[in-house]
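Visitor: What follows is upload_37.txt, made up of compact mmCIF, C-alpha atoms (C1' of nucleotides):
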```
# COMPACT_ATOMS: atom_id res chain seq x y z
CA MET A 24 124.34 264.63 -79.60
CA ASN A 25 125.56 262.26 -82.25
CA ALA A 26 128.41 260.37 -80.63
CA ALA A 27 129.97 259.63 -84.01
CA SER A 28 130.09 263.25 -85.09
CA HIS A 29 132.87 264.54 -82.88
CA ARG A 30 136.28 265.18 -84.32
CA TYR A 31 137.99 266.57 -81.26
CA TRP A 32 138.46 265.34 -77.72
CA LEU A 33 140.01 266.25 -74.41
CA MET A 34 141.70 263.37 -72.59
CA LYS A 35 142.94 263.61 -69.00
CA SER A 36 146.10 261.89 -67.91
CA GLU A 37 147.92 262.06 -64.63
CA PRO A 38 151.42 263.18 -65.60
CA ASP A 39 152.90 260.90 -62.92
CA GLU A 40 151.50 258.02 -64.97
CA CYS A 41 151.77 259.34 -68.51
CA SER A 42 152.74 262.91 -69.31
CA ILE A 43 152.96 264.52 -72.74
CA ASP A 44 156.73 264.02 -72.46
CA ASP A 45 156.21 260.31 -71.80
CA ALA A 46 153.98 260.06 -74.86
CA LEU A 47 156.51 261.91 -77.04
CA ALA A 48 159.25 259.55 -75.82
CA ALA A 49 157.24 256.40 -76.52
CA PRO A 50 157.77 254.32 -79.67
CA ASP A 51 156.07 256.10 -82.57
CA ARG A 52 155.11 258.74 -79.96
CA THR A 53 152.13 256.51 -79.26
CA VAL A 54 150.73 255.23 -75.96
CA PRO A 55 147.79 252.94 -75.15
CA TRP A 56 145.21 254.93 -73.18
CA THR A 57 144.84 252.44 -70.34
CA GLY A 58 142.88 252.67 -67.14
CA VAL A 59 139.59 254.26 -68.20
CA ARG A 60 136.99 252.76 -65.88
CA ASN A 61 133.98 254.93 -66.55
CA TYR A 62 131.29 253.78 -68.95
CA GLN A 63 130.64 257.15 -70.53
CA ALA A 64 134.33 257.66 -71.25
CA ARG A 65 134.61 254.09 -72.51
CA ASN A 66 131.70 254.61 -74.86
CA PHE A 67 133.35 257.69 -76.32
CA MET A 68 136.41 255.56 -77.08
CA ARG A 69 134.32 252.68 -78.39
CA ASP A 70 131.73 254.53 -80.45
CA GLY A 71 132.64 258.17 -80.81
CA MET A 72 136.25 258.39 -81.83
CA GLN A 73 137.71 257.99 -85.29
CA VAL A 74 141.35 257.50 -86.12
CA GLY A 75 142.85 260.92 -86.73
CA ASP A 76 140.60 262.83 -84.36
CA GLY A 77 142.36 265.65 -82.51
CA VAL A 78 143.11 265.31 -78.81
CA LEU A 79 143.85 267.95 -76.21
CA PHE A 80 146.29 266.18 -73.88
CA TYR A 81 145.35 267.34 -70.38
CA HIS A 82 147.39 266.89 -67.23
CA SER A 83 145.18 266.28 -64.19
CA SER A 84 145.62 265.55 -60.47
CA CYS A 85 148.93 267.39 -60.42
CA PRO A 86 150.36 270.69 -59.21
CA ALA A 87 149.70 272.46 -62.52
CA PRO A 88 146.56 271.06 -64.17
CA GLY A 89 145.92 272.11 -67.76
CA ILE A 90 146.45 271.32 -71.41
CA ALA A 91 150.02 270.22 -72.06
CA GLY A 92 150.00 269.08 -75.67
CA ILE A 93 148.21 268.09 -78.83
CA ALA A 94 147.70 264.47 -79.85
CA ARG A 95 145.61 262.37 -82.20
CA VAL A 96 143.56 259.20 -81.99
CA ALA A 97 145.82 256.56 -83.50
CA SER A 98 143.90 253.28 -83.38
CA GLY A 99 140.50 251.74 -83.25
CA PRO A 100 139.10 250.45 -79.95
CA ARG A 101 140.60 247.33 -78.42
CA PRO A 102 140.49 245.64 -75.01
CA ASP A 103 142.49 247.34 -72.27
CA PRO A 104 144.89 244.59 -71.12
CA THR A 105 145.24 246.07 -67.62
CA GLN A 106 141.72 244.88 -66.75
CA PHE A 107 142.97 241.28 -66.83
CA ASP A 108 146.19 241.91 -64.88
CA PRO A 109 145.74 241.13 -61.18
CA ALA A 110 148.84 243.20 -60.41
CA SER A 111 147.43 246.31 -62.07
CA PRO A 112 145.56 249.00 -60.14
CA TYR A 113 143.10 248.85 -63.03
CA HIS A 114 142.42 245.15 -62.63
CA ASP A 115 138.74 244.25 -62.95
CA ALA A 116 138.07 240.74 -61.70
CA ALA A 117 134.55 240.82 -63.09
CA SER A 118 135.66 241.36 -66.68
CA ARG A 119 136.01 238.23 -68.80
CA PRO A 120 138.47 238.00 -71.70
CA GLU A 121 135.72 236.70 -73.98
CA ALA A 122 133.64 239.80 -73.16
CA PRO A 123 136.02 242.61 -72.20
CA ARG A 124 134.36 245.37 -70.27
CA TRP A 125 137.03 248.06 -70.81
CA LEU A 126 138.51 249.37 -74.02
CA LEU A 127 141.30 251.70 -74.99
CA ARG A 128 142.58 253.64 -77.96
CA ASP A 129 146.14 254.29 -78.93
CA VAL A 130 146.96 257.99 -78.72
CA GLN A 131 149.82 259.54 -80.67
CA ALA A 132 151.43 262.72 -79.39
CA VAL A 133 151.68 265.42 -82.06
CA ARG A 134 153.46 268.17 -80.15
CA LYS A 135 154.09 269.46 -76.70
CA THR A 136 152.66 272.91 -76.06
CA ARG A 137 153.11 275.47 -73.37
CA LEU A 138 151.11 274.51 -70.31
CA LEU A 139 147.70 276.10 -70.76
CA PRO A 140 146.46 276.23 -67.17
CA LEU A 141 142.96 275.29 -66.14
CA ALA A 142 142.58 278.79 -64.68
CA GLU A 143 143.30 280.32 -68.09
CA LEU A 144 140.71 278.07 -69.71
CA ARG A 145 138.18 279.16 -67.11
CA ALA A 146 139.01 282.82 -67.64
CA HIS A 147 138.42 282.69 -71.41
CA PRO A 148 134.84 283.77 -72.22
CA GLY A 149 134.82 281.79 -75.45
CA LEU A 150 135.50 278.54 -73.63
CA ALA A 151 132.83 278.82 -70.93
CA GLU A 152 130.76 276.02 -72.46
CA MET A 153 133.59 273.48 -72.56
CA LEU A 154 132.41 270.28 -70.92
CA VAL A 155 135.57 269.89 -68.89
CA LEU A 156 134.93 273.28 -67.30
CA GLN A 157 131.40 272.52 -66.17
CA ARG A 158 130.63 272.32 -62.49
CA GLY A 159 131.31 268.88 -61.08
CA SER A 160 132.66 267.55 -64.37
CA ARG A 161 134.89 264.55 -63.71
CA LEU A 162 134.80 262.72 -67.01
CA SER A 163 138.32 261.85 -68.12
CA ILE A 164 137.35 261.96 -71.80
CA THR A 165 135.08 264.63 -73.24
CA PRO A 166 134.22 265.71 -76.79
CA VAL A 167 135.48 269.18 -77.71
CA ASP A 168 133.47 271.60 -79.82
CA PRO A 169 135.29 272.53 -83.05
CA VAL A 170 135.03 276.20 -82.12
CA HIS A 171 136.73 275.49 -78.79
CA TRP A 172 139.36 273.38 -80.51
CA ALA A 173 140.14 276.25 -82.88
CA LEU A 174 140.36 278.75 -80.04
CA ILE A 175 142.81 276.53 -78.19
CA ALA A 176 144.85 274.62 -80.78
CA ASP A 177 144.96 277.36 -83.43
CA GLY A 178 144.76 280.29 -81.01
CA LEU A 179 146.03 280.05 -77.46
CA LEU A 180 148.51 277.30 -78.30
CA ALA A 181 149.38 278.13 -81.88
CA GLY A 182 153.06 277.51 -82.44
CA ARG A 183 153.79 277.02 -78.75
C1' DG B 24 144.26 267.27 -46.35
C1' DC B 25 139.72 269.05 -47.49
C1' DC B 26 135.61 268.56 -49.67
C1' DA B 27 132.11 269.09 -53.50
C1' DA B 28 130.29 266.43 -56.87
C1' DC B 29 129.62 262.41 -59.15
C1' DG B 30 129.28 257.19 -60.12
C1' DT B 31 128.51 252.59 -58.35
C1' DT B 32 126.73 249.23 -55.29
C1' DG B 33 123.42 246.69 -53.03
C1' DG B 34 119.44 246.20 -49.82
C1' DC B 35 114.75 246.47 -50.11
C1' DG C 28 113.12 251.05 -59.38
C1' DC C 29 114.48 253.72 -55.33
C1' DC C 30 117.92 255.61 -52.73
C1' DA C 31 121.38 255.66 -48.92
C1' DA C 32 126.01 254.49 -48.25
C1' DC C 33 130.25 254.34 -50.00
C1' DG C 34 134.23 255.10 -53.10
C1' DT C 35 136.49 258.09 -56.50
C1' DT C 36 137.82 262.28 -58.90
C1' DG C 37 140.31 266.24 -58.95
C1' DG C 38 140.89 271.18 -57.91
C1' DC C 39 142.43 273.89 -54.33
```
Rewrite the coordinates I just gave you, this time as C-alpha cells.

Guide:
Amino acid sequence: MNAASHRYWLMKSEPDECSIDDALAAPDRTVPWTGVRNYQARNFMRDGMQVGDGVLFYHSSCPAPGIAGIARVASGPRPDPTQFDPASPYHDAASRPEAPRWLLRDVQAVRKTRLLPLAELRAHPGLAEMLVLQRGSRLSITPVDPVHWALIADGLLAGR
DNA sequence: GCCAACGTTGGC
DNA sequence: GCCAACGTTGGC
C-alpha cells in the first residue's frame, strides 16, 4: 500500500469536542485536527495526505456514530500544539518542541450531510471492505478506497 | 457500564 | 526480542 497514493480519508471526531457543525462554524470552516496520539494515524497525516484530499467526517463515541459530513484536507502537516500544553488532555511531556512527536492537518468542512449511521455502512455489501468497518478497527484516521468514497459521497450522501 | 480488541510500556 | 500487564477506544 503506497501511503502517498490515497486521495480519500475517514477521520473520526467526537462531536462533543468537534462536530461537523463546529467545523462549519469555524473561521474559514477550518479546524486543526488536534489530539491524534496514534503513530499509524499520525503517519497518515504526515506522509499520506495531500491538500485537497476528500475526508469523510465521522462522529464517534456518541449516541449516533456515523458519517456526518464531507470535508477536505486543507493544510500540510504541522506540529500539534496541544502536545506542549500541560493543561491539555493531549499533553505529551515526552515530546520536545525541537522534535515534535505529534502532527496535525487543518481540515476544512465542505458540507454537512444527513447522518449516515455506522449500522447502515455495515449493512451495505459494497462497503464491507472499508477499513473502519473491520473487526477491532480503532484507528481514528483511515484511507478510503475511491470506490467506497464514490458509493458514499456520490451515492448514499449525494445532495444530502 | 460492559467488554472486545488493540496499542503501549517495561521487566527480563 | 518476548510478552504480560495495563490503558484506551468505541460500539452497544

Visitor: As a PyMOL selection string, could you give me every residue of chain A near chain B (at most 12 Å apart, counting all atoms listed in the file)?

Guide: chain A and resi 60-63+157-162

Visitor: What's the separation between atom CA of Thr136 of chain A and atom CA of Met68 of chain A, in Å to one decimal place?

Guide: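 About the pair atom CA of Thr136 of chain A and atom CA of Met68 of chain A: they are 23.8 Å apart.
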
Visitor: So for segment 89-100 of chain A, what box centre and size do we get, axis-aligned, 3 Å extra on each of the six sides, every listed atom, Å to one decimal, as lines of an AutoDock Vina configuration file?

Guide:
```
center_x = 144.6
center_y = 261.3
center_z = -75.6
size_x = 16.9
size_y = 27.7
size_z = 21.7
```
